[in-house]
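What follows is the content of entry.cif, which has mmCIF, C-alpha atoms:
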data_protein
loop_
_atom_site.label_atom_id
_atom_site.label_comp_id
_atom_site.auth_asym_id
_atom_site.auth_seq_id
_atom_site.Cartn_x
_atom_site.Cartn_y
_atom_site.Cartn_z
CA MET O 1 -11.83 -18.17 26.78
CA SER O 2 -11.04 -14.60 25.75
CA ARG O 3 -8.02 -13.14 23.95
CA ASN O 4 -7.23 -9.49 23.23
CA VAL O 5 -5.42 -8.27 20.11
CA SER O 6 -4.31 -4.63 20.01
CA ILE O 7 -3.35 -3.24 16.59
CA ILE O 8 -1.27 -0.06 16.62
CA GLY O 9 -2.01 2.01 13.52
CA GLY O 10 -5.23 2.78 11.71
CA GLY O 11 -3.92 2.87 8.16
CA VAL O 12 -5.00 0.39 5.53
CA ILE O 13 -2.66 -2.29 6.97
CA GLY O 14 -4.09 -2.00 10.48
CA LEU O 15 -7.70 -1.84 9.31
CA VAL O 16 -7.53 -4.81 6.94
CA THR O 17 -5.62 -6.84 9.53
CA GLY O 18 -8.27 -6.06 12.13
CA LEU O 19 -11.04 -7.06 9.74
CA SER O 20 -9.26 -10.28 8.76
CA LEU O 21 -8.71 -11.30 12.39
CA ALA O 22 -12.29 -10.52 13.40
CA ARG O 23 -13.76 -12.48 10.50
CA SER O 24 -11.41 -15.44 11.00
CA THR O 25 -12.11 -15.75 14.72
CA ALA O 26 -15.87 -15.19 14.66
CA ASP O 27 -16.62 -18.93 14.90
CA SER O 28 -13.41 -20.06 16.57
CA GLY O 29 -14.84 -20.82 19.99
CA THR O 30 -12.54 -18.20 21.51
CA ASP O 31 -13.77 -14.71 22.24
CA TYR O 32 -11.26 -12.54 20.35
CA GLN O 33 -11.42 -8.83 21.16
CA VAL O 34 -9.71 -6.86 18.38
CA GLU O 35 -8.91 -3.17 18.84
CA ILE O 36 -7.18 -0.65 16.59
CA ILE O 37 -5.39 2.27 18.25
CA GLU O 38 -4.70 5.26 15.96
CA LYS O 39 -2.94 8.37 17.22
CA GLU O 40 -4.45 10.65 14.58
CA GLU O 41 -8.04 11.84 14.79
CA ARG O 42 -9.05 9.77 11.79
CA VAL O 43 -7.91 6.55 10.14
CA GLY O 44 -6.08 6.30 6.81
CA ASN O 45 -4.44 9.67 7.27
CA GLN O 46 -0.82 9.06 6.24
CA SER O 47 0.49 6.81 3.45
CA THR O 48 -3.00 6.04 2.18
CA ALA O 49 -3.68 9.74 1.65
CA VAL O 50 -0.87 10.03 -0.91
CA ALA O 51 -1.08 6.55 -2.46
CA GLY O 52 -1.78 6.39 -6.18
CA TYR O 53 -4.72 4.05 -5.48
CA GLY O 54 -3.13 1.50 -7.78
CA ILE O 55 -3.12 -2.27 -7.28
CA ARG O 56 -0.36 -3.63 -9.48
CA THR O 57 1.29 -6.98 -10.07
CA VAL O 58 4.66 -5.88 -11.47
CA TYR O 59 7.16 -6.86 -8.78
CA ARG O 60 10.43 -8.79 -8.71
CA HIS O 61 10.37 -10.37 -5.28
CA PRO O 62 8.19 -13.43 -4.56
CA VAL O 63 6.89 -11.86 -1.33
CA ASN O 64 5.56 -8.83 -3.19
CA LEU O 65 4.16 -11.00 -5.99
CA TYR O 66 2.27 -13.14 -3.47
CA LEU O 67 0.90 -10.11 -1.61
CA ALA O 68 -0.13 -8.47 -4.90
CA GLN O 69 -2.08 -11.53 -5.96
CA LYS O 70 -3.93 -11.65 -2.63
CA GLY O 71 -4.62 -7.92 -2.86
CA LEU O 72 -6.20 -8.15 -6.30
CA GLN O 73 -8.44 -11.00 -5.17
CA PHE O 74 -9.58 -9.21 -2.02
CA TRP O 75 -10.24 -5.76 -3.51
CA SER O 76 -12.03 -7.26 -6.52
CA THR O 77 -14.35 -9.26 -4.24
CA LEU O 78 -14.94 -6.27 -1.95
CA SER O 79 -15.95 -4.13 -4.94
CA GLU O 80 -18.92 -6.43 -5.55
CA THR O 81 -20.56 -5.26 -2.31
CA SER O 82 -18.88 -1.89 -1.55
CA GLU O 83 -18.44 1.31 -3.54
CA THR O 84 -14.63 1.41 -3.54
CA GLY O 85 -14.09 2.67 -7.08
CA PHE O 86 -12.22 -0.55 -7.99
CA ARG O 87 -11.61 -0.72 -11.74
CA ARG O 88 -9.31 -3.03 -13.69
CA ASN O 89 -7.95 -0.23 -15.86
CA GLY O 90 -4.50 -1.80 -15.94
CA TYR O 91 -1.03 -0.33 -15.54
CA LEU O 92 0.99 1.09 -18.43
CA PHE O 93 4.75 1.48 -17.85
CA LEU O 94 6.52 3.69 -20.41
CA THR O 95 10.21 4.28 -21.17
CA ASN O 96 12.54 5.76 -23.79
CA ASP O 97 15.64 4.35 -22.13
CA ASP O 98 17.52 1.37 -23.66
CA GLU O 99 18.35 -0.29 -20.36
CA MET O 100 14.85 0.19 -18.95
CA SER O 101 13.38 -1.20 -22.18
CA SER O 102 15.29 -4.42 -21.53
CA THR O 103 14.07 -4.38 -17.91
CA LEU O 104 10.44 -4.09 -19.02
CA GLN O 105 10.95 -6.96 -21.45
CA ARG O 106 12.22 -9.12 -18.59
CA GLU O 107 9.35 -8.02 -16.35
CA ARG O 108 6.85 -9.15 -18.98
CA THR O 109 8.38 -12.63 -18.85
CA ARG O 110 8.27 -12.60 -15.04
CA GLN O 111 4.63 -11.49 -15.07
CA ILE O 112 3.56 -14.28 -17.40
CA SER O 113 5.56 -16.91 -15.48
CA ASN O 114 3.68 -15.88 -12.32
CA GLY O 115 0.28 -16.15 -13.97
CA PHE O 116 -0.31 -12.45 -14.73
CA PRO O 117 -0.96 -11.41 -18.34
CA ALA O 118 1.33 -8.71 -19.72
CA GLU O 119 1.93 -7.09 -23.10
CA ILE O 120 4.96 -5.31 -24.59
CA ARG O 121 4.79 -2.66 -27.31
CA THR O 122 7.93 -1.39 -29.10
CA PRO O 123 7.28 1.40 -29.83
CA VAL O 124 4.07 2.03 -27.89
CA ASP O 125 1.13 4.22 -28.78
CA PRO O 126 -0.71 4.77 -25.47
CA GLY O 127 -3.81 5.66 -27.47
CA GLU O 128 -4.28 1.90 -27.82
CA PHE O 129 -5.19 1.77 -24.13
CA SER O 130 -6.95 5.10 -23.64
CA THR O 131 -8.70 7.87 -25.55
CA GLU O 132 -6.26 10.32 -23.91
CA GLU O 133 -3.47 11.73 -26.05
CA ILE O 134 -0.54 10.30 -24.13
CA ASN O 135 2.79 10.72 -25.89
CA ARG O 136 4.50 7.87 -27.72
CA TYR O 137 7.40 6.03 -26.09
CA ARG O 138 10.01 3.58 -27.23
CA THR O 139 8.72 0.73 -25.06
CA GLY O 140 5.58 0.09 -23.05
CA LEU O 141 4.63 -2.72 -20.68
CA PHE O 142 0.89 -3.08 -20.15
CA SER O 143 -0.48 -5.10 -17.23
CA PRO O 144 -4.22 -5.50 -17.94
CA VAL O 145 -5.27 -7.16 -14.67
CA SER O 146 -3.82 -4.41 -12.47
CA ALA O 147 -6.42 -2.06 -11.04
CA VAL O 148 -7.09 1.40 -9.69
CA SER O 149 -9.33 2.27 -6.78
CA ASP O 150 -10.27 5.19 -4.55
CA SER O 151 -8.47 5.22 -1.21
CA ALA O 152 -10.98 7.41 0.67
CA ARG O 153 -13.93 5.22 -0.33
CA THR O 154 -11.96 2.05 0.35
CA ILE O 155 -10.82 3.18 3.80
CA GLU O 156 -14.38 4.13 4.70
CA SER O 157 -15.67 0.73 3.50
CA ILE O 158 -13.06 -1.17 5.52
CA ARG O 159 -13.66 0.98 8.61
CA HIS O 160 -17.39 0.26 8.37
CA LEU O 161 -16.80 -3.49 7.91
CA CYS O 162 -14.44 -3.50 10.91
CA GLU O 163 -17.10 -1.94 13.11
CA GLN O 164 -19.72 -4.38 11.79
CA SER O 165 -17.38 -7.25 12.70
CA GLY O 166 -16.89 -6.01 16.26
CA VAL O 167 -13.49 -4.35 15.84
CA ARG O 168 -13.18 -1.35 18.14
CA ILE O 169 -11.39 1.63 16.56
CA ARG O 170 -9.89 4.21 18.92
CA THR O 171 -8.62 7.44 17.36
CA GLY O 172 -6.73 10.35 18.88
CA GLU O 173 -4.89 7.98 21.25
CA GLU O 174 -1.15 7.35 21.16
CA VAL O 175 0.74 4.30 22.45
CA THR O 176 3.58 5.51 24.69
CA ASP O 177 5.02 2.27 26.08
CA ILE O 178 4.88 -1.50 25.50
CA GLU O 179 6.19 -4.25 27.75
CA ASP O 180 6.05 -7.90 26.70
CA GLU O 181 5.78 -9.70 30.03
CA GLY O 182 5.66 -13.24 28.68
CA THR O 183 2.03 -14.25 28.80
CA GLN O 184 0.69 -10.79 27.87
CA CYS O 185 1.80 -7.33 26.81
CA ARG O 186 1.22 -4.23 28.87
CA LEU O 187 0.34 -1.15 26.83
CA GLU O 188 0.51 2.41 28.03
CA THR O 189 -1.42 4.94 25.96
CA THR O 190 -2.22 8.60 26.43
CA GLU O 191 -5.61 7.44 27.72
CA SER O 192 -5.09 4.21 29.67
CA THR O 193 -2.99 1.24 30.82
CA GLU O 194 -4.18 -2.08 29.44
CA TRP O 195 -3.20 -5.66 28.61
CA ALA O 196 -3.21 -7.55 25.32
CA ASP O 197 -2.39 -11.14 24.44
CA THR O 198 -0.96 -9.98 21.11
CA VAL O 199 0.16 -6.57 19.88
CA VAL O 200 0.37 -5.87 16.13
CA ASN O 201 2.69 -3.05 15.12
CA ALA O 202 1.07 -1.63 11.96
CA ALA O 203 2.25 1.92 12.65
CA GLY O 204 3.60 2.65 9.17
CA VAL O 205 6.24 5.37 9.21
CA TRP O 206 6.25 5.21 13.03
CA ALA O 207 6.79 1.42 13.11
CA ASP O 208 10.42 1.71 14.19
CA GLU O 209 9.45 4.09 17.01
CA ILE O 210 6.92 1.55 18.24
CA ALA O 211 9.49 -1.26 17.95
CA GLN O 212 11.96 0.78 20.00
CA LEU O 213 9.45 0.86 22.86
CA THR O 214 10.03 -2.91 23.09
CA GLY O 215 13.81 -2.69 22.73
CA GLU O 216 13.85 -3.62 19.02
CA THR O 217 14.74 -1.66 15.90
CA LEU O 218 13.31 -1.97 12.41
CA PRO O 219 14.91 -0.80 9.12
CA VAL O 220 11.93 1.39 8.23
CA GLU O 221 12.37 5.03 7.21
CA ALA O 222 9.89 7.74 6.25
CA SER O 223 9.92 9.14 2.71
CA ALA O 224 7.91 12.30 2.04
CA ARG O 225 5.41 12.00 -0.83
CA LYS O 226 2.78 14.14 -2.50
CA LEU O 227 -0.25 13.47 -4.68
CA ALA O 228 -1.86 16.15 -6.85
CA VAL O 229 -5.52 16.39 -7.79
CA LEU O 230 -5.85 18.44 -11.00
CA GLU O 231 -8.84 20.19 -12.56
CA ARG O 232 -8.76 18.05 -15.67
CA THR O 233 -11.35 15.42 -16.63
CA VAL O 234 -9.83 12.33 -18.24
CA ASP O 235 -10.99 9.07 -19.74
CA PRO O 236 -12.33 6.92 -16.86
CA GLU O 237 -10.82 3.85 -18.56
CA MET O 238 -7.32 5.34 -18.71
CA PRO O 239 -4.80 2.99 -17.09
CA LEU O 240 -2.46 4.10 -14.36
CA VAL O 241 0.38 5.46 -16.49
CA VAL O 242 3.96 5.46 -15.21
CA ASP O 243 6.88 7.19 -16.96
CA VAL O 244 9.59 5.05 -15.37
CA ASP O 245 12.33 7.38 -16.65
CA THR O 246 11.13 10.33 -14.57
CA GLY O 247 8.98 8.69 -11.88
CA PHE O 248 5.86 10.59 -12.97
CA TYR O 249 2.55 8.74 -12.80
CA MET O 250 -1.11 9.60 -13.41
CA LEU O 251 -4.51 7.93 -13.23
CA PRO O 252 -8.22 8.81 -13.30
CA GLY O 253 -9.77 9.52 -9.90
CA HIS O 254 -13.19 8.17 -8.95
CA ASP O 255 -14.83 11.30 -10.39
CA ASN O 256 -12.64 11.07 -13.53
CA THR O 257 -10.45 13.99 -12.48
CA LEU O 258 -6.74 13.62 -13.08
CA TYR O 259 -4.59 12.40 -10.18
CA ALA O 260 -0.83 12.66 -10.60
CA GLY O 261 2.35 12.32 -8.61
CA GLY O 262 5.94 11.18 -8.61
CA ASP O 263 9.11 11.02 -6.56
CA PHE O 264 11.24 13.74 -8.12
CA ARG O 265 13.77 13.74 -5.26
CA HIS O 266 13.15 17.40 -4.50
CA GLU O 267 13.54 19.23 -1.20
CA ARG O 268 11.65 22.39 -2.02
CA ALA O 269 8.31 24.04 -1.32
CA ASP O 270 4.97 22.76 -2.60
CA GLU O 271 4.98 25.33 -5.40
CA SER O 272 8.24 23.86 -6.68
CA TYR O 273 6.80 20.35 -6.56
CA SER O 274 3.84 21.53 -8.64
CA ARG O 275 6.24 22.97 -11.20
CA LEU O 276 8.23 19.72 -11.36
CA LEU O 277 4.99 17.75 -11.69
CA LYS O 278 3.96 19.82 -14.70
CA GLN O 279 7.47 19.66 -16.16
CA TYR O 280 7.81 15.89 -16.01
CA GLY O 281 4.13 15.21 -16.53
CA SER O 282 3.95 17.13 -19.80
CA GLU O 283 6.56 14.76 -21.23
CA ALA O 284 3.93 12.04 -21.00
CA TYR O 285 0.64 13.92 -21.29
CA ASP O 286 0.24 17.34 -22.90
CA GLY O 287 -3.04 17.93 -21.07
CA ILE O 288 -1.29 18.35 -17.74
CA SER O 289 0.62 21.51 -18.64
CA ASP O 290 -2.39 23.85 -18.35
CA ALA O 291 -4.42 21.82 -15.81
CA PRO O 292 -5.08 23.91 -12.65
CA LEU O 293 -4.04 22.34 -9.35
CA ASP O 294 -7.10 21.64 -7.21
CA GLU O 295 -5.43 19.93 -4.24
CA LEU O 296 -1.97 18.79 -3.16
CA ARG O 297 -1.95 16.01 -0.57
CA ALA O 298 1.13 15.35 1.55
CA GLY O 299 2.15 12.28 3.52
CA TYR O 300 4.86 9.68 3.96
CA TYR O 301 5.74 6.21 2.73
CA ALA O 302 7.34 3.73 5.15
CA MET O 303 10.34 2.44 3.21
CA THR O 304 12.56 -0.61 3.67
CA PRO O 305 15.96 -0.87 1.93
CA SER O 306 14.74 -3.79 -0.21
CA ARG O 307 11.23 -2.37 -0.85
CA VAL O 308 9.90 -5.63 0.58
CA PRO O 309 7.77 -5.39 3.75
CA ILE O 310 8.61 -6.78 7.18
CA ILE O 311 6.17 -9.24 8.75
CA GLU O 312 7.61 -10.99 11.79
CA ARG O 313 6.66 -12.13 15.26
CA THR O 314 8.81 -11.61 18.36
CA GLY O 315 7.20 -12.99 21.50
CA ASN O 316 3.70 -11.54 21.69
CA ILE O 317 4.41 -8.73 19.23
CA VAL O 318 3.91 -8.92 15.47
CA HIS O 319 5.49 -6.27 13.25
CA VAL O 320 3.80 -5.66 9.88
CA CYS O 321 5.32 -2.59 8.26
CA GLY O 322 7.63 -1.10 5.64
CA PHE O 323 5.38 -1.42 2.61
CA SER O 324 7.19 1.33 0.69
CA GLY O 325 3.95 2.89 -0.53
CA HIS O 326 2.47 -0.46 -1.56
CA GLY O 327 0.38 -1.04 1.55
CA PHE O 328 -2.86 -0.32 -0.27
CA MET O 329 -2.05 -3.09 -2.75
CA GLN O 330 -0.59 -5.54 -0.25
CA ALA O 331 -2.73 -5.11 2.88
CA PRO O 332 -5.02 -8.14 2.29
CA GLY O 333 -2.08 -10.50 1.74
CA ALA O 334 -0.18 -9.07 4.71
CA ALA O 335 -3.27 -9.44 6.91
CA SER O 336 -3.47 -13.10 5.92
CA VAL O 337 0.16 -13.63 6.96
CA VAL O 338 -0.37 -11.83 10.30
CA LYS O 339 -3.54 -13.81 10.99
CA ARG O 340 -1.68 -17.08 10.50
CA MET O 341 1.07 -15.92 12.85
CA ILE O 342 -1.46 -15.22 15.60
CA LEU O 343 -4.05 -17.97 15.34
CA PRO O 344 -3.22 -21.48 16.64
CA ASP O 345 -2.68 -24.37 14.22
CA GLU O 346 -2.14 -22.02 11.26
CA THR O 347 0.83 -22.13 8.88
CA ASN O 348 2.08 -19.56 6.38
CA VAL O 349 2.88 -20.11 2.73
CA LEU O 350 5.69 -17.53 2.82
CA ARG O 351 8.96 -18.46 4.50
CA GLU O 352 9.65 -16.50 7.69
CA GLU O 353 13.23 -15.68 6.68
CA LEU O 354 11.94 -13.70 3.70
CA LEU O 355 9.79 -11.56 5.99
CA SER O 356 12.15 -10.90 8.91
CA SER O 357 13.70 -7.52 9.70
CA ASP O 358 17.28 -8.89 9.73
CA ARG O 359 17.07 -10.72 6.39
CA THR O 360 19.56 -10.24 3.58
CA LEU O 361 17.76 -10.01 0.24
CA SER O 362 19.62 -10.16 -3.06
CA VAL O 363 16.79 -8.38 -4.90
CA THR O 364 15.69 -4.77 -4.40
CA ASP O 365 12.19 -4.50 -5.79
CA ILE O 366 10.99 -2.02 -8.38
CA GLN O 367 9.80 1.26 -6.87
CA PHE O 368 7.39 2.95 -9.29
#
Serialized structure, structure tokens:
Amino acid sequence: MSRNVSIIGGGVIGLVTGLSLARSTADSGTDYQVEIIEKEERVGNQSTAVAGYGIRTVYRHPVNLYLAQKGLQFWSTLSETSETGFRRNGYLFLTNDDEMSSTLQRERTRQISNGFPAEIRTPVDPGEFSTEEINRYRTGLFSPVSAVSDSARTIESIRHLCEQSGVRIRTGEEVTDIEDEGTQCRLETTESTEWADTVVNAAGVWADEIAQLTGETLPVEASARKLAVLERTVDPEMPLVVDVDTGFYMLPGHDNTLYAGGDFRHERADESYSRLLKQYGSEAYDGISDAPLDELRAGYYAMTPSRVPIIERTGNIVHVCGFSGHGFMQAPGAASVVKRMILPDETNVLREELLSSDRTLSVTDIQF
């Protein structure tokens, strides 16, 4: 018996899902053919390119907390055999705002209740966590088990593991039509017409466009993001630092250069973004003010209104999208959910109503 699974999208979600399916079905007795179709010329070219490479545990919603836990387990295990740059440097959230201080206090309690260690400092001296001279703040929440990684190395490792596991990756090919005909789906691409038993929509910011090919709509919108690489060497043990008042964040890259970014809600040219980055960044770290800009990466996050991803199955199509920039952290957990939706006799831990596109969620998750 043979079954074909076509995954649309070669970002971290599509790649990890392909790897998970291939590994899970290797000894199933059914010949599963898993393919990833990516319209760009290379994989990991969109959200992953501008992700902060952080793997955090500070979330409000149980779906995100579950996916974060699975992500930490997976990336930590992968780092034992692959050079991904995975380091448990931790996350340090900083604020000078009264209301946000109370929020961080509550988040510490939530972290501990979910099995994740967390520490509060009031006031906080970031020098406790790094040799870098990061400015003092009124309140700091430190999450020591959170990690940083390198997206380029990680994507390359996952791509290689996919190919080793028999996953075929097709780049430079766009899906132009999908028709679920009951027993199978017909796919039209710029290169061919083919059939699949299951189609996985992991198209990121284009997930709604793919859904519309099947007559569905998804509440997923694109949000432009940038990530700066600066000519400044920093402490390799520095945690990922977030100034939650301004949205600025920074972390050490795999070569210990300074990576920084933030959503400053601007609509200007790249030069203006660089100026805003220095302006807000210098409030946290004096060393950023005179650090030359080496590279400015641009891409998009696929956002949902709740900041909680959509993972649902309709007929022979599974949508896994809307990770709001957290796909790097949540891909392993999401892949596990998708796998259980596709394979027979599997059940999911997460309730389907929490994952559906038409849900009503009372909690909007934290977007750092």
| task | Please measure the separation of CA of Pro305 in chain O and CA of Glu353 in chain O, giving the value in Å to one decimal. | result |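 It comes out at 15.8 Å.
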| task | Could you check how far CA of Ser151 in chain O sits from CA of Tyr53 in chain O, in Å to one decimal? | result |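 Those two atoms sit 5.8 Å apart.
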| request: Enter the distance from CA of Gln212 in chain O to CA of Val43 in chain O, in Å, rounded to one decimal. | output: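 Atom-to-atom, CA of Gln212 in chain O to CA of Val43 in chain O, that is 22.9 Å.
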| Spatial neighbours of Ala224 in chain O, 7 Å, only C-alpha atoms, chain gap at least 6 places, as a ChimeraX atom specification | /O:299-301
On this file, the PyMOL selection byres ((chain O and resi 365) around 10) gives some set of residues; write that set as a CSV table (one decimal) with C-alpha atoms, in the coordinates of the input.
chain,number,residue,atom,x,y,z
O,58,VAL,CA,4.7,-5.9,-11.5
O,59,TYR,CA,7.2,-6.9,-8.8
O,60,ARG,CA,10.4,-8.8,-8.7
O,61,HIS,CA,10.4,-10.4,-5.3
O,62,PRO,CA,8.2,-13.4,-4.6
O,64,ASN,CA,5.6,-8.8,-3.2
O,305,PRO,CA,16.0,-0.9,1.9
O,306,SER,CA,14.7,-3.8,-0.2
O,307,ARG,CA,11.2,-2.4,-0.8
O,308,VAL,CA,9.9,-5.6,0.6
O,361,LEU,CA,17.8,-10.0,0.2
O,362,SER,CA,19.6,-10.2,-3.1
O,363,VAL,CA,16.8,-8.4,-4.9
O,364,THR,CA,15.7,-4.8,-4.4
O,366,ILE,CA,11.0,-2.0,-8.4
O,367,GLN,CA,9.8,1.3,-6.9
O,368,PHE,CA,7.4,3.0,-9.3
| said: For a cutoff of 12 Å around the file-coordinate point (4.4, -4.3, 16.2), which residues qualify once you count all atoms listed in the file? I'd like the result as a PyMOL selection string. | reply: chain O and resi 5-9+13-14+37+175+177-180+185+187+198-204+206-218+310-322+338+357
| field | Closest of O:Arg297, O:Arg88, O:Lys70, O:Arg56 to Ala334 in chain O - atom-to-atom distances counting all atoms listed in the file | value |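 Ranking O:Arg297, O:Arg88, O:Lys70, O:Arg56 by distance to Ala334 in chain O, first place goes to O:Lys70.
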Put the listed atoms of range 341-356 of chain O in a box along x, y and z with 4 Å added on every side and give me the centre and edge lengths in Å to one decimal, as AutoDock Vina command-line options.
--center_x 4.6 --center_y -17.6 --center_z 9.7 --size_x 25.3 --size_y 21.5 --size_z 21.9
| message | With the PyMOL selection byres ((chain O and resi 140) around 8) as the selection, what would be picked from this file? Answer as a PyMOL selection string, please. | response | chain O and resi 92-95+101+104+120-124+137-139+141-142
| field | Within 10 Å of Asn45 in chain O using only C-alpha atoms, minus same-chain residues under 6 positions, as a PyMOL selection string | value | chain O and resi 10-12+38+152+155+298-300
| message | Here's the selection I'm unsure about, the PyMOL selection byres ((chain O and resi 172) around 10); applied to the file above, which residues does it give, as an NGL selection string? | response | :O and (37-43 or 170-171 or 173-174 or 190-191)
| request: Compile the contact shell of range 23-32 of chain O as a VMD selection string: residues with an atom at most 7 Å away, counting all atoms listed in the file, same-chain residues fewer than 5 positions apart removed. | output: chain O and resid 1 to 4 165
| message | When you count all atoms listed in the file, which of these residues is closest to Ala196 in chain O: O:Ile36, O:Tyr259, O:Tyr280, O:Gln111? | response |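 Using all atoms listed in the file, the shortest distance to Ala196 in chain O belongs to O:Ile36.
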| said: Is it possible to get the residues within 10 Å of (-12.0, 4.2, -0.3) (coordinates as in the file, counting all atoms listed in the file) written as JSON, numbers by chain? | reply: {"O": [12, 44, 48, 53, 82, 83, 84, 85, 86, 149, 150, 151, 152, 153, 154, 155, 156, 157, 158, 159, 254]}
| said: I'd like the neighbourhood of Asp255 in chain O as a list in words, where a residue qualifies if any of its atoms comes within 12 Å (using all atoms listed in the file), though same-chain residues fewer than 3 positions away should be ignored. | reply: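 My list of contacting residues is Gly85, Ser149, Asp150, Arg153, Val229, Leu230, Glu231, Arg232, Thr233, Val234, Asp235, Pro236, Glu237, Leu251, Pro252, Leu258 and Tyr259 of chain O.
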| field | Among listed residues O:Ala222, O:Thr57, O:Ala228, O:Pro126, nearest Ser143 in chain O (using only C-alpha atoms) | value |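 The shortest atom-to-atom distance to Ser143 in chain O comes from O:Thr57.
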Range 72-86 of chain O rebuilt with N, CA and C atoms, output as a PDB file, in the coordinates of the input:
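Output below, filename selection_7.pdb:
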ATOM      1  N   LEU O  72      -5.267  -8.215  -5.172  1.00  0.00           N
ATOM      2  CA  LEU O  72      -6.200  -8.150  -6.300  1.00  0.00           C
ATOM      3  C   LEU O  72      -7.461  -8.966  -6.023  1.00  0.00           C
ATOM      4  N   GLN O  73      -7.282 -10.156  -5.468  1.00  0.00           N
ATOM      5  CA  GLN O  73      -8.440 -11.000  -5.170  1.00  0.00           C
ATOM      6  C   GLN O  73      -9.366 -10.336  -4.159  1.00  0.00           C
ATOM      7  N   PHE O  74      -8.779  -9.801  -3.098  1.00  0.00           N
ATOM      8  CA  PHE O  74      -9.580  -9.210  -2.020  1.00  0.00           C
ATOM      9  C   PHE O  74     -10.318  -7.971  -2.487  1.00  0.00           C
ATOM     10  N   TRP O  75      -9.607  -7.029  -3.124  1.00  0.00           N
ATOM     11  CA  TRP O  75     -10.240  -5.760  -3.510  1.00  0.00           C
ATOM     12  C   TRP O  75     -11.287  -5.982  -4.603  1.00  0.00           C
ATOM     13  N   SER O  76     -11.040  -6.946  -5.480  1.00  0.00           N
ATOM     14  CA  SER O  76     -12.030  -7.260  -6.520  1.00  0.00           C
ATOM     15  C   SER O  76     -13.317  -7.795  -5.890  1.00  0.00           C
ATOM     16  N   THR O  77     -13.175  -8.706  -4.926  1.00  0.00           N
ATOM     17  CA  THR O  77     -14.350  -9.260  -4.240  1.00  0.00           C
ATOM     18  C   THR O  77     -15.083  -8.198  -3.445  1.00  0.00           C
ATOM     19  N   LEU O  78     -14.313  -7.331  -2.745  1.00  0.00           N
ATOM     20  CA  LEU O  78     -14.940  -6.270  -1.950  1.00  0.00           C
ATOM     21  C   LEU O  78     -15.744  -5.325  -2.832  1.00  0.00           C
ATOM     22  N   SER O  79     -15.269  -5.076  -4.051  1.00  0.00           N
ATOM     23  CA  SER O  79     -15.950  -4.130  -4.940  1.00  0.00           C
ATOM     24  C   SER O  79     -17.336  -4.600  -5.352  1.00  0.00           C
ATOM     25  N   GLU O  80     -17.602  -5.901  -5.177  1.00  0.00           N
ATOM     26  CA  GLU O  80     -18.920  -6.430  -5.550  1.00  0.00           C
ATOM     27  C   GLU O  80     -20.000  -6.010  -4.554  1.00  0.00           C
ATOM     28  N   THR O  81     -19.583  -5.638  -3.340  1.00  0.00           N
ATOM     29  CA  THR O  81     -20.560  -5.260  -2.310  1.00  0.00           C
ATOM     30  C   THR O  81     -20.328  -3.861  -1.743  1.00  0.00           C
ATOM     31  N   SER O  82     -19.208  -3.216  -2.089  1.00  0.00           N
ATOM     32  CA  SER O  82     -18.880  -1.890  -1.550  1.00  0.00           C
ATOM     33  C   SER O  82     -18.457  -0.962  -2.676  1.00  0.00           C
ATOM     34  N   GLU O  83     -18.798   0.310  -2.538  1.00  0.00           N
ATOM     35  CA  GLU O  83     -18.440   1.310  -3.540  1.00  0.00           C
ATOM     36  C   GLU O  83     -17.017   1.801  -3.269  1.00  0.00           C
ATOM     37  N   THR O  84     -16.034   1.059  -3.763  1.00  0.00           N
ATOM     38  CA  THR O  84     -14.630   1.410  -3.540  1.00  0.00           C
ATOM     39  C   THR O  84     -13.978   2.062  -4.744  1.00  0.00           C
ATOM     40  N   GLY O  85     -14.677   2.111  -5.862  1.00  0.00           N
ATOM     41  CA  GLY O  85     -14.090   2.670  -7.080  1.00  0.00           C
ATOM     42  C   GLY O  85     -13.106   1.728  -7.748  1.00  0.00           C
ATOM     43  N   PHE O  86     -13.142   0.441  -7.413  1.00  0.00           N
ATOM     44  CA  PHE O  86     -12.220  -0.550  -7.990  1.00  0.00           C
ATOM     45  C   PHE O  86     -12.512  -0.727  -9.475  1.00  0.00           C
TER      46      PHE O  86
END
